[in-house]
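Enquirer: Please find structure.cif (mmCIF, C-alpha atoms) on the next line:
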data_my_file
loop_
_atom_site.label_atom_id
_atom_site.label_comp_id
_atom_site.auth_asym_id
_atom_site.auth_seq_id
_atom_site.Cartn_x
_atom_site.Cartn_y
_atom_site.Cartn_z
CA MET A 29 5.53 0.44 -2.64
CA ASN A 30 9.13 -0.54 -3.36
CA GLY A 31 10.79 1.12 -0.36
CA LYS A 32 13.54 2.59 -2.53
CA GLU A 33 14.99 6.07 -2.28
CA SER A 34 12.73 8.68 -3.86
CA ALA A 35 13.54 10.55 -7.04
CA PRO A 36 15.93 13.51 -6.86
CA GLY A 37 14.89 17.17 -6.77
CA GLY A 38 11.49 18.14 -8.07
CA LEU A 39 10.95 14.67 -9.53
CA ALA A 40 10.15 13.52 -5.98
CA LEU A 41 6.95 15.60 -6.19
CA ILE A 42 5.95 13.92 -9.45
CA GLU A 43 6.84 10.45 -8.16
CA ALA A 44 4.78 11.07 -5.01
CA LEU A 45 1.79 12.32 -7.02
CA VAL A 46 1.80 9.35 -9.40
CA ASN A 47 2.07 7.01 -6.41
CA THR A 48 -1.03 8.41 -4.69
CA LEU A 49 -3.02 5.67 -6.45
CA ASP A 50 -2.35 2.02 -5.62
CA ILE A 51 -3.59 0.36 -8.81
CA GLU A 52 -3.66 -3.11 -7.25
CA THR A 53 -5.95 -2.15 -4.34
CA GLY A 54 -7.59 0.97 -5.77
CA ALA A 55 -6.62 2.98 -2.67
CA ASP A 56 -6.21 6.65 -3.54
CA THR A 57 -4.57 8.88 -0.94
CA LEU A 58 -6.10 11.90 -2.68
CA ASP A 59 -9.36 10.69 -1.09
CA THR A 60 -7.98 11.71 2.31
CA ALA A 61 -7.38 15.12 3.86
CA ASP A 62 -3.80 14.14 4.73
CA GLY A 63 -3.14 12.97 1.17
CA CYS A 64 -4.41 16.26 -0.24
CA ALA A 65 -2.46 18.31 2.32
CA VAL A 66 0.83 16.84 1.07
CA PHE A 67 0.21 18.55 -2.28
CA GLY A 68 -1.55 21.64 -0.93
CA LEU A 69 -4.83 20.62 -2.56
CA ALA A 70 -8.30 21.82 -1.61
CA ASP A 71 -11.30 19.61 -2.41
CA PRO A 72 -12.11 21.43 -5.69
CA ASP A 73 -8.52 20.81 -6.90
CA VAL A 74 -8.61 17.02 -6.51
CA PRO A 75 -10.29 16.06 -9.82
CA GLN A 76 -7.72 18.05 -11.83
CA ALA A 77 -4.89 16.58 -9.72
CA ARG A 78 -6.12 13.09 -10.64
CA VAL A 79 -6.13 13.98 -14.34
CA LEU A 80 -2.60 15.37 -14.00
CA ARG A 81 -1.53 12.24 -12.09
CA GLU A 82 -2.69 9.92 -14.86
CA ALA A 83 -1.06 12.04 -17.58
CA LEU A 84 2.19 11.87 -15.59
CA ARG A 85 1.78 8.08 -15.20
CA THR A 86 1.42 7.82 -18.99
CA ALA A 87 4.67 9.79 -19.44
CA CYS A 88 6.44 7.58 -16.88
CA LEU A 89 5.23 4.45 -18.69
CA ALA A 90 6.54 5.90 -21.95
CA HIS A 91 9.94 6.59 -20.32
CA ALA A 92 10.13 2.89 -19.47
CA GLY A 93 9.09 1.88 -22.99
CA HIS A 94 5.65 0.63 -21.95
CA ARG A 95 2.30 1.36 -23.46
CA PRO A 96 -0.35 2.51 -21.03
CA PRO A 97 -3.07 -0.07 -20.34
CA ASP A 98 -6.24 -0.04 -22.38
CA GLY A 99 -8.85 2.22 -20.93
CA PRO A 100 -9.68 5.90 -20.96
CA ALA A 101 -6.72 7.83 -22.30
CA ALA A 102 -5.16 10.48 -20.10
CA PRO A 103 -5.01 13.92 -21.67
CA PRO A 104 -1.61 14.73 -23.12
CA LEU A 105 0.67 16.12 -20.46
CA ASP A 106 1.75 19.08 -22.57
CA ARG A 107 -1.85 20.26 -22.83
CA LEU A 108 -2.27 20.10 -19.05
CA LEU A 109 0.97 21.97 -18.42
CA ALA A 110 0.32 24.66 -21.06
CA GLY A 111 -1.51 26.84 -18.59
CA ALA A 112 1.06 26.55 -15.82
CA PRO A 113 2.14 30.09 -14.96
CA LEU A 114 5.95 30.03 -14.93
CA ARG A 115 8.63 32.68 -15.22
CA VAL A 116 12.37 32.60 -15.84
CA THR A 117 14.49 33.64 -12.88
CA VAL A 118 18.23 34.23 -12.76
CA ASP A 119 20.04 34.12 -9.43
CA ALA A 120 23.15 36.08 -8.36
CA ALA A 121 25.40 33.33 -9.75
CA GLY A 122 23.72 33.65 -13.16
CA VAL A 123 21.84 30.33 -12.89
CA ALA A 124 18.56 30.44 -14.79
CA ALA A 125 15.49 28.44 -13.76
CA LEU A 126 11.77 28.29 -14.39
CA ARG A 127 9.74 29.13 -11.30
CA PRO A 128 6.01 29.29 -10.63
CA VAL A 129 4.66 32.84 -10.91
CA ALA A 130 2.32 32.68 -7.93
CA GLU A 131 3.15 31.88 -4.32
CA PRO A 132 2.02 29.53 -3.08
CA ALA A 133 2.35 27.83 -6.44
CA GLY A 134 -0.37 25.51 -7.67
CA LEU A 135 0.34 21.83 -8.21
CA THR A 136 0.40 22.10 -12.02
CA ALA A 137 2.93 24.94 -11.93
CA ARG A 138 5.14 23.05 -9.46
CA VAL A 139 5.00 19.94 -11.67
CA ALA A 140 5.81 21.99 -14.78
CA ALA A 141 8.81 23.61 -13.06
CA ALA A 142 10.01 20.19 -11.85
CA ILE A 143 9.75 18.71 -15.35
CA ALA A 144 11.62 21.67 -16.86
CA ALA A 145 14.45 21.36 -14.31
CA ALA A 146 14.65 17.58 -14.75
CA ALA A 147 14.66 17.88 -18.54
CA ALA A 148 17.48 20.41 -18.28
CA ASP A 149 19.62 18.19 -16.06
CA GLY A 150 18.83 14.97 -17.95
CA THR A 151 16.90 13.17 -15.20
CA TRP A 152 13.31 13.47 -16.51
CA ALA A 153 13.52 10.30 -18.65
CA ARG A 154 14.69 8.27 -15.64
CA LEU A 155 11.35 8.74 -13.86
CA LYS A 156 9.49 5.63 -14.97
CA ALA A 157 6.48 3.50 -14.12
CA CYS A 158 6.59 -0.21 -13.33
CA GLU A 159 5.85 -2.57 -16.20
CA ALA A 160 3.47 -4.67 -14.08
CA GLU A 161 -0.09 -3.81 -15.11
CA ASP A 162 -1.36 -4.27 -11.55
CA CYS A 163 1.34 -1.94 -10.18
CA GLN A 164 2.54 0.93 -12.43
CA TRP A 165 4.24 2.49 -9.40
CA ALA A 166 6.50 5.41 -10.31
CA TYR A 167 10.19 4.97 -9.53
CA TYR A 168 13.45 6.68 -10.36
CA ASP A 169 15.73 4.45 -12.45
CA ARG A 170 19.18 4.61 -10.89
CA SER A 171 20.54 1.65 -12.87
CA PRO A 172 23.73 2.44 -14.79
CA ALA A 173 22.19 1.65 -18.18
CA GLY A 174 18.81 3.22 -17.34
CA ARG A 175 16.89 0.12 -18.46
CA ARG A 176 15.09 -0.95 -15.29
CA ARG A 177 11.60 -2.36 -15.97
CA TRP A 178 10.02 -2.84 -12.56
CA CYS A 179 9.66 -0.79 -9.40
CA SER A 180 11.07 -3.71 -7.43
CA MET A 181 12.95 -6.69 -8.77
CA SER A 182 12.08 -8.64 -5.63
CA VAL A 183 8.32 -8.17 -6.09
CA CYS A 184 7.11 -7.13 -9.55
CA GLY A 185 10.21 -8.34 -11.38
CA ALA A 186 10.16 -11.71 -9.64
CA ARG A 187 6.44 -12.16 -10.43
CA ALA A 188 7.02 -11.38 -14.12
CA LYS A 189 9.99 -13.73 -14.36
CA MET A 190 8.04 -16.51 -12.62
CA ARG A 191 5.12 -16.06 -15.06
CA THR A 192 7.55 -16.30 -17.99
CA TYR A 193 9.20 -19.38 -16.49
CA ARG A 194 5.83 -21.10 -15.91
CA ALA A 195 4.65 -20.25 -19.43
CA LYS A 196 7.76 -21.91 -20.90
CA ARG A 197 7.37 -25.05 -18.79
CA GLY A 198 3.73 -25.53 -19.15
#
Take the structure in this file and express it as C-alpha cells.

Expert:
Amino acid sequence: MNGKESAPGGLALIEALVNTLDIETGADTLDTADGCAVFGLADPDVPQARVLREALRTACLAHAGHRPPDGPAAPPLDRLLAGAPLRVTVDAAGVAALRPVAEPAGLTARVAAAIAAAAADGTWARLKACEAEDCQWAYYDRSPAGRRRWCSMSVCGARAKMRTYRAKRG
C-alpha cells in the first residue's frame, strides 16, 4: 500500500502475509490462487493462514504501541507458533539458526523461524502496523528513533494530522 521497501530478511514474509488483507476495501489476496501460491498454501491451509495473519497483525500493532481494534481477538501468536517444527542448525562458520524441520516448510514454521531470526538480530520490534484503523498495513520502521506511526506519512499520516487539525479548529 505504501510503496516502500519491504522488510529485511524473513520479516518480508511476515509483512507480506499481514498485507494480504486490505482492511479498507476488504480485498483478501488469500482468496485467490495466486495469493495462496505466494505462501505455498493449499485450500485447506487458508483458514489457519488467516488466523496466523491476524495474530501477526496484533503483534505488529503492539510493536507500534497501538491497541488492536475492537472485535474478535486473534489467538495469541505464541500459541499458534508453539507447534511449529523447528530445529537448531549450526553451519561451518559456527553460526546457529532455527530452521524448519520439514522441507518444504509450512507457513507457520517459516514464520516462527523468521521471528526467531529477527528477534535475535533486533529487527522484530521494527515490524509494525499502521495506526490508521482503516489501514493497519504492516511496514518496517526504518526511522532512526523507531517511532514511526503510519505506513505512509503522505497518506495515512496526512489524513490523521488533517483530522487533528480540523478537530482543533472546529

Enquirer: Taking (14.9, 17.2, -10.4) in the coordinates of the supplied file, I want to know which residues reach to within 9 Å of it, counting all atoms listed in the file; could you give the answer as number ranges by chain?

Expert: A: 35-40, 142-152

Enquirer: Which residues of range 33-112 of chain A come within 7 Å of range 157-178 of chain A, and what is each one's closest atom pair and distance in Å (one decimal), counting only C-alpha atoms, sorted by chain and residue number, as a tab-separated table?

Expert:
residue	atom	partner	partner_atom	distance
A:Ser34	CA	A:Tyr168	CA	6.8
A:Ala35	CA	A:Tyr168	CA	5.1
A:Glu43	CA	A:Ala166	CA	5.5
A:Val46	CA	A:Ala166	CA	6.2
A:Asn47	CA	A:Trp165	CA	5.8
A:Ile51	CA	A:Cys163	CA	5.6
A:Glu52	CA	A:Asp162	CA	5.0
A:Arg85	CA	A:Ala157	CA	6.7
A:Cys88	CA	A:Ala157	CA	4.9
A:Leu89	CA	A:Ala157	CA	4.8
A:Ala92	CA	A:Arg177	CA	6.5
A:His94	CA	A:Glu159	CA	6.6

Enquirer: Using the chain letters and numbering of this document, enumerate as a list of chain:residue names the residues selected by the PyMOL selection byres ((chain A and resi 104) around 10).

Expert: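 Applying the expression gives A:Val79, A:Leu80, A:Glu82, A:Ala83, A:Leu84, A:Thr86, A:Ala87, A:Ala101, A:Ala102, A:Pro103, A:Leu105, A:Asp106, A:Arg107, A:Leu108, A:Leu109.
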
Enquirer: Quick check, in Å to one decimal: how far apart do CA of Asp59 in chain A and CA of Asp73 in chain A lie?

Expert: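 Rounded to one decimal, the two atoms are 11.7 Å apart.
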
Enquirer: Between CA of Lys32 in chain A and CA of Arg187 in chain A, what is the spacing in Å?

Expert: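 Interatomic distance, CA of Arg187 in chain A to CA of Lys32 in chain A: 18.2 Å.
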
Enquirer: Using all atoms listed in the file, which residue out of A:Gln76, A:Gly68, A:Thr60, A:Ile42 lies closest to Glu131 in chain A?

Expert: A:Gly68

Enquirer: At what distance in Å, to one decimal, does CA of Ala65 in chain A lie from CA of Thr136 in chain A?

Expert: 15.1 Å

Enquirer: Run the PyMOL selection byres ((chain A and resi 57) around 12) mentally over the shown coordinates, then write out the matched residues as JSON, numbers by chain, using the chain letters and numbers from the document.

Expert: {"A": [44, 45, 46, 47, 48, 49, 50, 51, 53, 54, 55, 56, 58, 59, 60, 61, 62, 63, 64, 65, 66, 67, 69, 74, 77, 78]}

Enquirer: Let me have the centre and edge lengths of the axis-aligned box enclosing all listed atoms of range 51-61 of chain A with 6 Å padding on every side, in Å to one decimal, as AutoDock Vina command-line options.

Expert:
--center_x -6.5 --center_y 6.0 --center_z -2.5 --size_x 17.8 --size_y 30.2 --size_z 24.7

Enquirer: Let me make sure I understand: among A:Arg127, A:Arg138, A:Arg115, A:Arg154, which one has the smallest atom-to-atom distance to His91 in chain A if we use only C-alpha atoms?

Expert: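 Among the listed residues, A:Arg154 lies closest to His91 in chain A.
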